[in-house]
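As provided, work_18.cif (mmCIF, C-alpha atoms (C1' of nucleotides)) reads as follows.
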data_start
#
loop_
_atom_site.label_atom_id
_atom_site.label_comp_id
_atom_site.auth_asym_id
_atom_site.auth_seq_id
_atom_site.Cartn_x
_atom_site.Cartn_y
_atom_site.Cartn_z
CA MET A 1 0.00 0.00 0.00
CA THR A 2 2.65 2.49 0.91
CA THR A 3 6.03 1.58 -0.55
CA ALA A 4 7.43 -1.09 -2.81
CA SER A 5 6.34 -0.43 -6.37
CA ASP A 6 8.88 2.34 -6.82
CA THR A 7 11.28 1.35 -9.54
CA PRO A 8 10.71 -1.91 -11.34
CA THR A 9 14.48 -2.20 -11.64
CA ARG A 10 15.04 -2.25 -7.91
CA SER A 11 12.64 -5.15 -7.59
CA ARG A 12 15.06 -7.62 -9.10
CA ARG A 13 17.93 -6.31 -7.07
CA ASN A 14 17.51 -7.15 -3.43
CA ARG A 15 14.08 -8.54 -2.78
CA ARG A 16 15.39 -10.73 0.00
CA ALA A 17 16.74 -7.78 1.94
CA GLU A 18 13.59 -5.80 1.28
CA ILE A 19 11.44 -8.65 2.59
CA LEU A 20 13.59 -9.09 5.68
CA GLU A 21 13.34 -5.40 6.46
CA ALA A 22 9.58 -5.25 6.03
CA ALA A 23 9.11 -8.43 8.06
CA ALA A 24 11.24 -7.01 10.87
CA ARG A 25 9.10 -3.89 11.02
CA LEU A 26 5.90 -5.93 11.09
CA PHE A 27 7.18 -8.48 13.62
CA ALA A 28 8.30 -5.68 15.92
CA ALA A 29 4.91 -4.03 15.72
CA ARG A 30 2.54 -7.00 15.98
CA GLY A 31 4.64 -10.02 16.95
CA PHE A 32 5.60 -13.04 14.87
CA HIS A 33 2.24 -14.79 15.09
CA GLY A 34 0.40 -11.52 14.57
CA VAL A 35 1.80 -11.10 11.07
CA SER A 36 0.75 -13.20 8.09
CA ILE A 37 2.75 -14.15 5.03
CA GLU A 38 0.25 -12.12 3.08
CA ASP A 39 1.02 -9.07 5.25
CA ILE A 40 4.74 -9.35 4.59
CA GLY A 41 4.28 -9.84 0.88
CA GLY A 42 1.88 -6.91 0.73
CA ALA A 43 4.42 -4.67 2.47
CA VAL A 44 6.92 -5.14 -0.36
CA GLY A 45 4.44 -5.03 -3.21
CA VAL A 46 4.14 -8.73 -4.00
CA SER A 47 1.40 -10.85 -2.67
CA GLY A 48 1.47 -13.89 -0.46
CA PRO A 49 3.17 -17.04 -1.62
CA ALA A 50 5.78 -15.10 -3.62
CA LEU A 51 7.88 -15.18 -0.46
CA TYR A 52 8.49 -18.89 -0.94
CA ARG A 53 10.71 -18.02 -3.90
CA HIS A 54 13.09 -16.39 -1.41
CA PHE A 55 12.63 -18.24 1.87
CA ASP A 56 11.74 -21.76 2.89
CA GLY A 57 8.90 -20.47 5.04
CA LYS A 58 7.92 -18.08 7.76
CA ASP A 59 10.06 -19.84 10.37
CA ALA A 60 13.10 -19.79 8.10
CA LEU A 61 12.60 -16.08 7.54
CA LEU A 62 12.63 -15.41 11.27
CA SER A 63 15.61 -17.70 11.79
CA GLU A 64 17.64 -15.87 9.18
CA MET A 65 16.64 -12.52 10.62
CA LEU A 66 17.75 -13.34 14.16
CA LEU A 67 20.86 -15.12 12.97
CA ASP A 68 21.85 -12.06 11.00
CA ILE A 69 21.29 -9.74 13.94
CA SER A 70 23.19 -11.81 16.47
CA SER A 71 26.02 -12.39 14.00
CA ARG A 72 26.40 -8.71 13.28
CA LEU A 73 26.37 -7.76 16.94
CA ARG A 74 28.89 -10.37 17.89
CA GLU A 75 31.16 -9.57 14.98
CA SER A 76 31.14 -5.90 15.88
CA ALA A 77 31.98 -6.76 19.45
CA VAL A 78 34.89 -8.97 18.47
CA THR A 79 36.26 -6.33 16.12
CA VAL A 80 36.03 -3.69 18.79
CA ALA A 81 37.55 -5.89 21.47
CA THR A 82 40.58 -6.91 19.45
CA ALA A 83 41.35 -3.42 18.18
CA ALA A 84 41.16 -1.71 21.53
CA ALA A 85 43.74 0.03 23.64
CA GLY A 86 42.47 -0.86 27.11
CA PRO A 87 39.34 -2.04 28.91
CA GLU A 88 37.98 1.46 29.41
CA GLU A 89 38.21 2.24 25.71
CA THR A 90 36.84 -1.17 24.82
CA LEU A 91 33.83 -0.64 27.05
CA ASP A 92 33.16 2.74 25.47
CA ALA A 93 33.40 1.17 22.03
CA LEU A 94 31.05 -1.68 22.99
CA LEU A 95 28.56 0.83 24.28
CA ASP A 96 28.76 2.79 21.05
CA VAL A 97 28.22 -0.33 18.98
CA GLN A 98 25.13 -1.35 20.90
CA ILE A 99 23.74 2.19 21.02
CA ALA A 100 24.27 2.70 17.30
CA PHE A 101 22.58 -0.58 16.48
CA ALA A 102 19.66 0.03 18.83
CA THR A 103 18.99 3.55 17.58
CA GLU A 104 19.50 2.73 13.90
CA HIS A 105 17.55 -0.52 13.85
CA PRO A 106 14.93 -0.39 16.60
CA ALA A 107 12.78 -3.00 14.88
CA LEU A 108 15.65 -5.47 14.72
CA ILE A 109 16.45 -4.99 18.38
CA THR A 110 12.84 -5.48 19.34
CA VAL A 111 12.51 -8.68 17.33
CA HIS A 112 15.85 -9.90 18.57
CA ASP A 113 14.88 -10.01 22.19
CA ARG A 114 11.25 -11.02 21.81
CA GLU A 115 11.04 -13.69 19.17
CA LEU A 116 13.79 -16.16 19.96
CA GLY A 117 11.13 -18.47 21.35
CA ASN A 118 9.55 -18.78 17.92
CA VAL A 119 12.72 -19.87 16.15
CA PRO A 120 12.74 -23.63 15.45
CA GLU A 121 15.45 -25.76 16.87
CA PRO A 122 18.34 -26.02 14.46
CA ALA A 123 18.77 -22.25 14.32
CA ARG A 124 17.74 -21.46 17.88
CA ARG A 125 20.80 -23.08 19.38
CA GLN A 126 23.12 -21.16 17.10
CA ILE A 127 21.45 -17.84 17.86
CA ARG A 128 21.64 -18.51 21.56
CA ARG A 129 25.31 -19.32 21.15
CA LEU A 130 26.02 -16.05 19.38
CA GLN A 131 24.09 -14.12 22.00
CA ARG A 132 26.02 -15.84 24.76
CA LEU A 133 29.32 -15.05 23.08
CA TYR A 134 28.25 -11.44 22.72
CA VAL A 135 27.44 -11.22 26.42
CA GLU A 136 30.74 -12.87 27.27
CA GLU A 137 32.54 -10.20 25.28
CA TRP A 138 31.05 -7.64 27.63
CA VAL A 139 31.64 -9.71 30.72
CA THR A 140 35.30 -10.16 29.82
CA VAL A 141 35.82 -6.44 29.54
CA LEU A 142 33.97 -5.74 32.77
CA ALA A 143 35.99 -8.41 34.54
CA GLU A 144 39.18 -6.65 33.51
CA LEU A 145 37.85 -3.47 35.03
CA HIS A 146 36.90 -5.16 38.28
CA PRO A 147 38.44 -8.61 38.77
CA ALA A 148 37.00 -9.07 42.24
CA CYS A 149 33.40 -8.96 41.06
CA PRO A 150 31.78 -12.39 40.61
CA ALA A 151 30.92 -13.29 37.04
CA ALA A 152 27.22 -13.81 37.82
CA ARG A 153 26.97 -10.22 38.96
CA LEU A 154 28.77 -8.99 35.87
CA ARG A 155 26.41 -10.96 33.68
CA ALA A 156 23.33 -9.65 35.44
CA ALA A 157 24.65 -6.09 35.21
CA THR A 158 25.30 -6.60 31.51
CA HIS A 159 21.72 -7.71 30.92
CA ALA A 160 20.50 -4.70 32.84
CA VAL A 161 22.58 -2.40 30.65
CA PHE A 162 21.18 -4.06 27.53
CA GLY A 163 17.71 -3.39 28.88
CA LEU A 164 18.63 0.25 29.35
CA LEU A 165 20.14 0.65 25.88
CA ASN A 166 17.44 -1.33 24.11
CA SER A 167 14.75 0.88 25.57
CA THR A 168 15.06 3.27 22.62
CA PRO A 169 12.21 1.65 20.68
CA HIS A 170 9.93 2.42 23.63
CA SER A 171 10.90 6.06 23.93
CA ALA A 172 10.98 6.72 20.21
CA GLY A 173 10.28 10.33 19.40
CA GLU A 174 10.86 11.66 22.89
CA LEU A 175 14.36 12.85 22.14
CA ALA A 176 16.42 13.37 18.98
CA ALA A 177 18.97 10.63 18.30
CA GLN A 178 21.81 13.09 18.66
CA ASP A 179 20.71 13.81 22.22
CA MET A 180 19.62 10.27 23.00
CA ARG A 181 22.89 8.56 22.16
CA PRO A 182 25.24 10.42 24.52
CA MET A 183 22.64 10.29 27.27
CA LEU A 184 22.37 6.52 26.98
CA HIS A 185 26.13 6.24 26.95
CA ALA A 186 26.43 8.28 30.12
CA MET A 187 23.61 6.43 31.86
CA ALA A 188 25.07 3.04 30.99
CA ARG A 189 28.54 4.06 32.11
CA ALA A 190 27.22 5.27 35.43
CA ALA A 191 25.05 2.21 35.92
CA ILE A 192 27.99 -0.10 35.29
CA ALA A 193 30.17 1.80 37.73
CA ALA A 194 27.45 1.56 40.35
CA ALA A 195 26.97 -2.16 39.77
CA ILE A 196 30.54 -3.33 39.91
CA GLY A 197 32.37 -0.46 41.52
CA MET B 1 -1.33 -31.68 32.63
CA THR B 2 0.94 -30.58 35.43
CA THR B 3 -0.91 -28.59 38.06
CA ALA B 4 -4.47 -27.65 38.82
CA SER B 5 -6.30 -30.76 40.01
CA ASP B 6 -4.99 -30.36 43.54
CA THR B 7 -7.91 -29.74 45.82
CA PRO B 8 -11.38 -29.76 44.34
CA THR B 9 -12.29 -27.16 46.92
CA ARG B 10 -9.77 -24.66 45.62
CA SER B 11 -11.27 -24.97 42.15
CA ARG B 12 -14.41 -23.08 43.12
CA ARG B 13 -12.44 -20.47 44.96
CA ASN B 14 -10.35 -18.38 42.56
CA ARG B 15 -10.42 -19.84 39.09
CA ARG B 16 -10.30 -16.40 37.53
CA ALA B 17 -7.05 -15.51 39.25
CA GLU B 18 -5.61 -18.90 38.46
CA ILE B 19 -6.47 -18.48 34.78
CA LEU B 20 -5.01 -14.98 34.66
CA GLU B 21 -1.79 -16.19 36.20
CA ALA B 22 -1.40 -19.14 33.84
CA ALA B 23 -2.26 -16.99 30.84
CA ALA B 24 0.34 -14.42 31.86
CA ARG B 25 3.00 -17.08 32.05
CA LEU B 26 2.05 -18.45 28.63
CA PHE B 27 1.73 -15.04 26.97
CA ALA B 28 5.14 -14.05 28.30
CA ALA B 29 6.71 -17.20 26.93
CA ARG B 30 5.09 -17.48 23.51
CA GLY B 31 3.25 -14.24 22.84
CA PHE B 32 -0.49 -13.57 22.77
CA HIS B 33 -1.12 -15.11 19.34
CA GLY B 34 1.18 -18.03 20.11
CA VAL B 35 -1.10 -19.25 22.89
CA SER B 36 -4.48 -20.86 22.31
CA ILE B 37 -7.53 -20.87 24.55
CA GLU B 38 -7.00 -24.61 24.79
CA ASP B 39 -3.44 -24.02 26.08
CA ILE B 40 -4.64 -21.70 28.81
CA GLY B 41 -7.42 -24.01 29.87
CA GLY B 42 -5.05 -26.96 29.90
CA ALA B 43 -2.63 -25.07 32.14
CA VAL B 44 -5.27 -24.81 34.89
CA GLY B 45 -6.75 -28.26 34.46
CA VAL B 46 -9.89 -27.44 32.55
CA SER B 47 -10.11 -27.70 28.86
CA GLY B 48 -10.88 -25.12 26.21
CA PRO B 49 -14.17 -23.29 26.20
CA ALA B 50 -14.50 -23.46 29.99
CA LEU B 51 -12.73 -20.11 30.02
CA TYR B 52 -15.81 -18.46 28.60
CA ARG B 53 -17.51 -19.03 31.95
CA HIS B 54 -15.02 -16.55 33.42
CA PHE B 55 -14.07 -14.18 30.61
CA ASP B 56 -15.79 -12.76 27.56
CA GLY B 57 -12.99 -14.00 25.34
CA LYS B 58 -9.28 -14.06 24.76
CA ASP B 59 -9.11 -10.32 24.10
CA ALA B 60 -11.04 -9.55 27.26
CA LEU B 61 -8.67 -11.72 29.24
CA LEU B 62 -5.67 -9.79 27.95
CA SER B 63 -7.41 -6.47 28.52
CA GLU B 64 -8.15 -7.31 32.12
CA MET B 65 -4.60 -8.52 32.66
CA LEU B 66 -2.97 -5.33 31.37
CA LEU B 67 -5.51 -3.12 33.05
CA ASP B 68 -4.79 -4.80 36.36
CA ILE B 69 -1.05 -4.41 35.96
CA SER B 70 -1.09 -0.76 34.98
CA SER B 71 -3.62 0.03 37.70
CA ARG B 72 -1.53 -1.60 40.39
CA LEU B 73 1.64 0.13 39.26
CA ARG B 74 0.03 3.51 39.07
CA GLU B 75 -1.73 3.12 42.40
CA SER B 76 1.53 2.16 44.09
CA ALA B 77 3.21 5.17 42.56
CA VAL B 78 0.51 7.54 43.75
CA THR B 79 0.58 6.09 47.25
CA VAL B 80 4.33 6.41 47.42
CA ALA B 81 4.37 9.92 46.00
CA THR B 82 1.78 11.33 48.42
CA ALA B 83 3.29 9.72 51.49
CA ALA B 84 6.83 10.85 50.87
CA ALA B 85 9.11 13.18 52.72
CA GLY B 86 11.04 14.64 49.79
CA PRO B 87 11.90 13.96 46.17
CA GLU B 88 14.95 11.86 47.00
CA GLU B 89 12.94 9.56 49.22
CA THR B 90 10.12 9.45 46.72
CA LEU B 91 12.48 8.40 43.98
CA ASP B 92 13.90 5.66 46.15
CA ALA B 93 10.40 4.44 46.93
CA LEU B 94 9.37 4.50 43.27
CA LEU B 95 12.45 2.47 42.42
CA ASP B 96 11.59 -0.06 45.11
CA VAL B 97 8.03 -0.39 43.86
CA GLN B 98 9.09 -1.04 40.29
CA ILE B 99 11.91 -3.39 41.30
CA ALA B 100 9.66 -5.38 43.61
CA PHE B 101 7.01 -5.75 40.92
CA ALA B 102 9.50 -6.67 38.21
CA THR B 103 11.27 -9.29 40.30
CA GLU B 104 8.09 -10.76 41.79
CA HIS B 105 6.05 -10.85 38.61
CA PRO B 106 8.42 -11.13 35.65
CA ALA B 107 5.71 -12.60 33.43
CA LEU B 108 3.39 -9.68 34.08
CA ILE B 109 6.10 -7.17 33.31
CA THR B 110 6.93 -8.95 30.08
CA VAL B 111 3.33 -9.07 28.94
CA HIS B 112 2.79 -5.49 30.03
CA ASP B 113 5.32 -4.01 27.66
CA ARG B 114 4.85 -6.37 24.74
CA GLU B 115 1.17 -6.99 24.27
CA LEU B 116 -0.50 -3.60 24.45
CA GLY B 117 -0.82 -3.73 20.68
CA ASN B 118 -3.15 -6.72 20.94
CA VAL B 119 -5.59 -5.07 23.33
CA PRO B 120 -8.79 -3.95 21.54
CA GLU B 121 -9.77 -0.34 21.60
CA PRO B 122 -11.99 0.40 24.53
CA ALA B 123 -9.42 -0.91 27.01
CA ARG B 124 -6.29 0.11 25.13
CA ARG B 125 -6.88 3.80 25.66
CA GLN B 126 -7.38 3.33 29.36
CA ILE B 127 -4.23 1.25 29.75
CA ARG B 128 -2.22 3.82 27.83
CA ARG B 129 -3.63 6.50 30.08
CA LEU B 130 -2.58 4.65 33.23
CA GLN B 131 0.88 4.02 31.80
CA ARG B 132 1.24 7.69 30.92
CA LEU B 133 0.17 8.73 34.39
CA TYR B 134 2.69 6.31 35.88
CA VAL B 135 5.48 7.80 33.79
CA GLU B 136 4.38 11.29 34.75
CA GLU B 137 4.65 10.33 38.40
CA TRP B 138 8.32 9.59 37.79
CA VAL B 139 8.88 12.64 35.62
CA THR B 140 7.37 14.89 38.28
CA VAL B 141 9.75 13.60 40.91
CA LEU B 142 12.75 13.87 38.60
CA ALA B 143 11.74 17.40 37.68
CA GLU B 144 11.79 18.36 41.34
CA LEU B 145 15.31 17.02 41.57
CA HIS B 146 16.48 18.90 38.52
CA PRO B 147 14.11 21.67 37.38
CA ALA B 148 16.41 22.84 34.58
CA CYS B 149 16.22 19.57 32.70
CA PRO B 150 13.74 19.55 29.80
CA ALA B 151 10.78 17.25 30.26
CA ALA B 152 11.53 15.28 27.08
CA ARG B 153 14.90 14.31 28.47
CA LEU B 154 13.36 13.29 31.78
CA ARG B 155 10.82 11.15 29.98
CA ALA B 156 13.46 9.46 27.85
CA ALA B 157 15.61 8.81 30.90
CA THR B 158 12.61 7.35 32.71
CA HIS B 159 11.97 4.92 29.86
CA ALA B 160 15.62 3.94 29.90
CA VAL B 161 15.43 3.23 33.62
CA PHE B 162 12.32 1.11 33.07
CA GLY B 163 14.28 -0.84 30.48
CA LEU B 164 17.02 -1.40 32.99
CA LEU B 165 14.70 -2.48 35.80
CA ASN B 166 12.50 -4.63 33.56
CA SER B 167 15.51 -6.58 32.35
CA THR B 168 15.09 -9.06 35.23
CA PRO B 169 13.06 -11.53 33.16
CA HIS B 170 16.03 -11.75 30.76
CA SER B 171 18.64 -12.35 33.41
CA ALA B 172 16.53 -14.74 35.46
CA GLY B 173 18.64 -17.13 37.46
CA GLU B 174 21.88 -15.24 37.10
CA LEU B 175 21.67 -13.69 40.49
CA ALA B 176 19.55 -14.26 43.61
CA ALA B 177 16.75 -11.74 44.08
CA GLN B 178 18.30 -10.51 47.32
CA ASP B 179 21.44 -9.52 45.39
CA MET B 180 19.63 -8.42 42.27
CA ARG B 181 17.34 -5.89 43.90
CA PRO B 182 19.91 -3.61 45.55
CA MET B 183 22.11 -3.81 42.47
CA LEU B 184 19.27 -2.65 40.23
CA HIS B 185 18.48 0.13 42.67
CA ALA B 186 22.07 1.34 42.66
CA MET B 187 22.38 1.09 38.88
CA ALA B 188 19.14 2.99 38.32
CA ARG B 189 20.10 5.69 40.79
CA ALA B 190 23.45 6.18 39.13
CA ALA B 191 21.95 6.16 35.65
CA ILE B 192 19.41 8.81 36.62
CA ALA B 193 22.10 11.00 38.14
CA ALA B 194 24.15 10.69 34.97
CA ALA B 195 21.19 11.52 32.76
CA ILE B 196 19.88 14.61 34.50
CA GLY B 197 22.74 15.68 36.72
"C1'" DA C 1 15.44 -15.91 -31.53
"C1'" DC C 2 15.47 -19.73 -27.84
"C1'" DC C 3 15.98 -21.98 -23.36
"C1'" DA C 4 16.28 -22.15 -18.67
"C1'" DA C 5 16.26 -20.07 -14.36
"C1'" DA C 6 14.22 -16.69 -11.58
"C1'" DT C 7 10.18 -14.66 -9.96
"C1'" DG C 8 5.15 -13.94 -9.72
"C1'" DT C 9 0.19 -15.06 -9.79
"C1'" DT C 10 -4.17 -17.30 -8.47
"C1'" DA C 11 -6.69 -21.19 -6.69
"C1'" DG C 12 -6.71 -24.89 -3.80
"C1'" DT C 13 -5.77 -27.71 0.62
"C1'" DC C 14 -5.40 -28.59 5.37
"C1'" DA C 15 -4.71 -27.48 10.07
"C1'" DC C 16 -5.62 -24.66 13.79
"C1'" DC C 17 -8.29 -21.77 16.60
"C1'" DA C 18 -11.73 -18.58 18.69
"C1'" DT C 19 -16.23 -18.81 19.59
"C1'" DT C 20 -20.93 -20.86 20.12
"C1'" DA C 21 -24.37 -24.64 20.95
"C1'" DA C 22 -26.29 -28.14 23.42
"C1'" DC C 23 -25.99 -30.74 26.94
"C1'" DG C 24 -24.55 -32.52 32.14
"C1'" DT C 25 -23.44 -32.07 37.18
"C1'" DC C 26 -23.73 -30.41 41.60
"C1'" DA C 27 -24.24 -27.38 45.40
"C1'" DT C 28 -27.09 -23.99 47.59
"C1'" DC C 29 -31.28 -21.95 49.04
"C1'" DG C 30 -36.33 -21.64 49.12
"C1'" DC D 1 -37.35 -32.02 47.60
"C1'" DG D 2 -36.60 -29.04 43.45
"C1'" DA D 3 -35.16 -25.35 40.97
"C1'" DT D 4 -31.63 -22.20 39.84
"C1'" DG D 5 -27.19 -20.81 38.77
"C1'" DA D 6 -22.23 -21.70 38.65
"C1'" DC D 7 -19.08 -24.38 36.14
"C1'" DG D 8 -17.67 -28.06 32.83
"C1'" DT D 9 -17.87 -31.07 28.88
"C1'" DT D 10 -17.83 -32.39 23.98
"C1'" DA D 11 -19.37 -31.25 19.25
"C1'" DA D 12 -20.14 -27.93 15.57
"C1'" DT D 13 -19.01 -23.61 12.89
"C1'" DG D 14 -16.55 -20.23 10.53
"C1'" DG D 15 -12.54 -17.75 9.60
"C1'" DT D 16 -7.75 -17.31 9.00
"C1'" DG D 17 -3.39 -18.55 7.61
"C1'" DA D 18 0.71 -21.39 6.12
"C1'" DC D 19 1.97 -23.89 2.50
"C1'" DT D 20 1.50 -26.28 -2.29
"C1'" DA D 21 0.16 -26.72 -7.20
"C1'" DA D 22 -0.36 -25.24 -11.69
"C1'" DC D 23 0.28 -21.90 -14.52
"C1'" DA D 24 2.51 -17.17 -16.63
"C1'" DT D 25 6.15 -13.84 -17.54
"C1'" DT D 26 10.46 -11.90 -17.64
"C1'" DT D 27 15.43 -12.08 -18.43
"C1'" DG D 28 19.98 -13.10 -19.39
"C1'" DG D 29 23.09 -16.14 -21.74
"C1'" DT D 30 24.07 -18.61 -26.02
#

Once you've parsed the file, please lay out its structure as structure tokens.
Amino acid sequence: MTTASDTPTRSRRNRRAEILEAAARLFAARGFHGVSIEDIGGAVGVSGPALYRHFDGKDALLSEMLLDISSRLRESAVTVATAAAGPEETLDALLDVQIAFATEHPALITVHDRELGNVPEPARRQIRRLQRLYVEEWVTVLAELHPACPAARLRAATHAVFGLLNSTPHSAGELAAQDMRPMLHAMARAAIAAAIG
Amino acid sequence: MTTASDTPTRSRRNRRAEILEAAARLFAARGFHGVSIEDIGGAVGVSGPALYRHFDGKDALLSEMLLDISSRLRESAVTVATAAAGPEETLDALLDVQIAFATEHPALITVHDRELGNVPEPARRQIRRLQRLYVEEWVTVLAELHPACPAARLRAATHAVFGLLNSTPHSAGELAAQDMRPMLHAMARAAIAAAIG
DNA sequence: ACCAAATGTTAGTCACCATTAACGTCATCG
DNA sequence: CGATGACGTTAATGGTGACTAACATTTGGT
């Protein structure tokens, strides 16, 4: 109804990506089971079963979406962690990665931490693994900053910080991104210091 | 299959509450559309359409659930705000209310900020209103602590703090509640100070 | 121009699910 | 007792939605 039938040339280009993006937006808004194949097709200008030319099914679409998100996050974290000067700088860089992702792709973040339960088993394990590795990247850095703190506490604090940073989809529109990002960074920094300091 | 058929006397007592509790757990785990009436009935030992003796339908059940949650939160906030000595104490009390609710009823918190979109219109508006009033309770207190800070920033910071506090369902089992609660309080306090200070 | 792969379309099919109907049971209260 | 209402049960019913089948159309390589 709104988008999609722009240029007929673009259609051939990256339908897959277009579908994934539209599906993410819809899943974030109404939940996996609240969105039909027809809805997703309609959002990109094709209708219904055309999606089966690009994906094995609705489950496969979700699996690929979450796998992509968790891969990207983890990869960014690894890059940042290896290229860093010290734990303080690494933590700042990790925060920036997560904040950038959350503010630039709110729908992906929303889907990422709501819909894992709907991913069928082969992929679910892998996504969980990537998520765990991502968390461990944070925990490692935090442990360097405060070796005496038990790992369980560091992990819990990390999840709390994710909750803080991933709140952007909920407060969309309240504040401009240019104001939101440094505020989130400062809040997260202070929260971490309070948790493990 | 698991619970429910304990005492036949308890059955007559509070079926409604039992149903609401089971439904909350299921909705939190699989999402509103991922749970069938049959599932909910089965979870309390009756099967399927028996629920219609207690609720007008699946939508009505969700509406009542969210209305109850937002009412309880707002009422607690009002109580705390009127009985308080000063803004600092009020803020501490508000934090304790939210932390207690989030750690004691993780399923309710999860449903509360995921499923509003599935509530039909008469109730949706009312729930939104209660949620807005709850947020305003926080914003009012924060404004007293820092009058120069623009309201939009206070609102965004409040949402971020909710994200932090409501992260408990995600980090369930990492840390004992007795350790988790003061840590969340300290993190939230520090995050607020960093945001508006 | 011709073939094959890619990409769509529309019309089934089949399962699931919310809701209703029609029909018991049992306790309470007159 | 006997009726009434609370609470359940098992069969429809009707709609929706994922997926498949059968049938175009386009397109790029030869």

Identify, on the basis of all atoms listed in the file, every residue whose closest approach to DT13 of chain C does not exceed 10 Å; exclude the query and any residue fewer than 4 positions from it along the same chain; express the result as number ranges by chain. D: 19-21

Which polymer residues have any atom within 8 Å of an atom of Thr110 of chain B, counting all atoms listed in the file, with same-chain residues fewer than 6 positions away left out, as a list in words?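 Near neighbours after the sequence-gap exclusion: Ala28, Asn166 and Pro169 of chain B.
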
On this structure, which residues satisfy the PyMOL selection byres ((chain B) within 6 of (chain A)), written as a list in words?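 So the PyMOL selection byres ((chain B) within 6 of (chain A)) ends up selecting His33, Ala152, Ala156, Ala160, Gly163, Leu164, Ser167, Ser171, Glu174, Met183, Ala186, Met187, Ala190, Ala191, Ala194 and Ala195 of chain B.
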
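Each of A:Leu51, A:Leu20, A:Val44, A:Leu61 was checked against chain C using only C-alpha atoms (C1' of nucleotides); the smallest atom-to-atom distance is that of A:Leu51.
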
Evaluate the PyMOL selection byres ((chain D and resi 12-15) around 8) against this structure - the residues, as a CSV table (one decimal) with C-alpha atoms (C1' of nucleotides), in the frame of the given file, please.
chain,number,residue,atom,x,y,z
C,20,DT,C1',-20.9,-20.9,20.1
C,21,DA,C1',-24.4,-24.6,21.0
D,11,DA,C1',-19.4,-31.2,19.2
D,16,DT,C1',-7.8,-17.3,9.0

Would you translate the PyMOL selection byres ((chain C) within 10 of (chain A)) into the concrete set of residues it matches in this file, as an MDAnalysis selection string? chainID C and resid 6:9

Which residue, A:Ile37, A:Val141, A:Ile99, A:Leu94, has the smallest gap to chain D when you use only C-alpha atoms (C1' of nucleotides)? A:Ile37

Restrict the distance test to only C-alpha atoms (C1' of nucleotides), flag each residue of chain D within 9 Å of chain B, and return the flagged residues as an NGL selection string. :D and (6-9)

Quick one, how far is atom CA of Ala77 of chain B from atom CA of Ala102 of chain B?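 Calculated distance between atom CA of Ala77 of chain B and atom CA of Ala102 of chain B is 14.1 Å.
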
Name all residues at most 12 Å from DA3 of chain D (count all atoms listed in the file; drop same-chain ones fewer than 5 positions away) and give them as a PyMOL selection string. chain C and resi 27-30

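For the pair atom CA of Ser63 of chain B and atom CA of Asp39 of chain B, the separation is 18.2 Å.
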
Could you jot down the atom CA of Arg15 of chain B to atom CA of Gly57 of chain B separation for me, Å, one decimal place?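 It comes out at 15.2 Å.
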
Pick from A:Ala93, A:Leu62, A:Leu73, A:Ile40 nearest to Arg132 of chain A, counting only C-alpha atoms: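 Closest candidate: A:Leu73.
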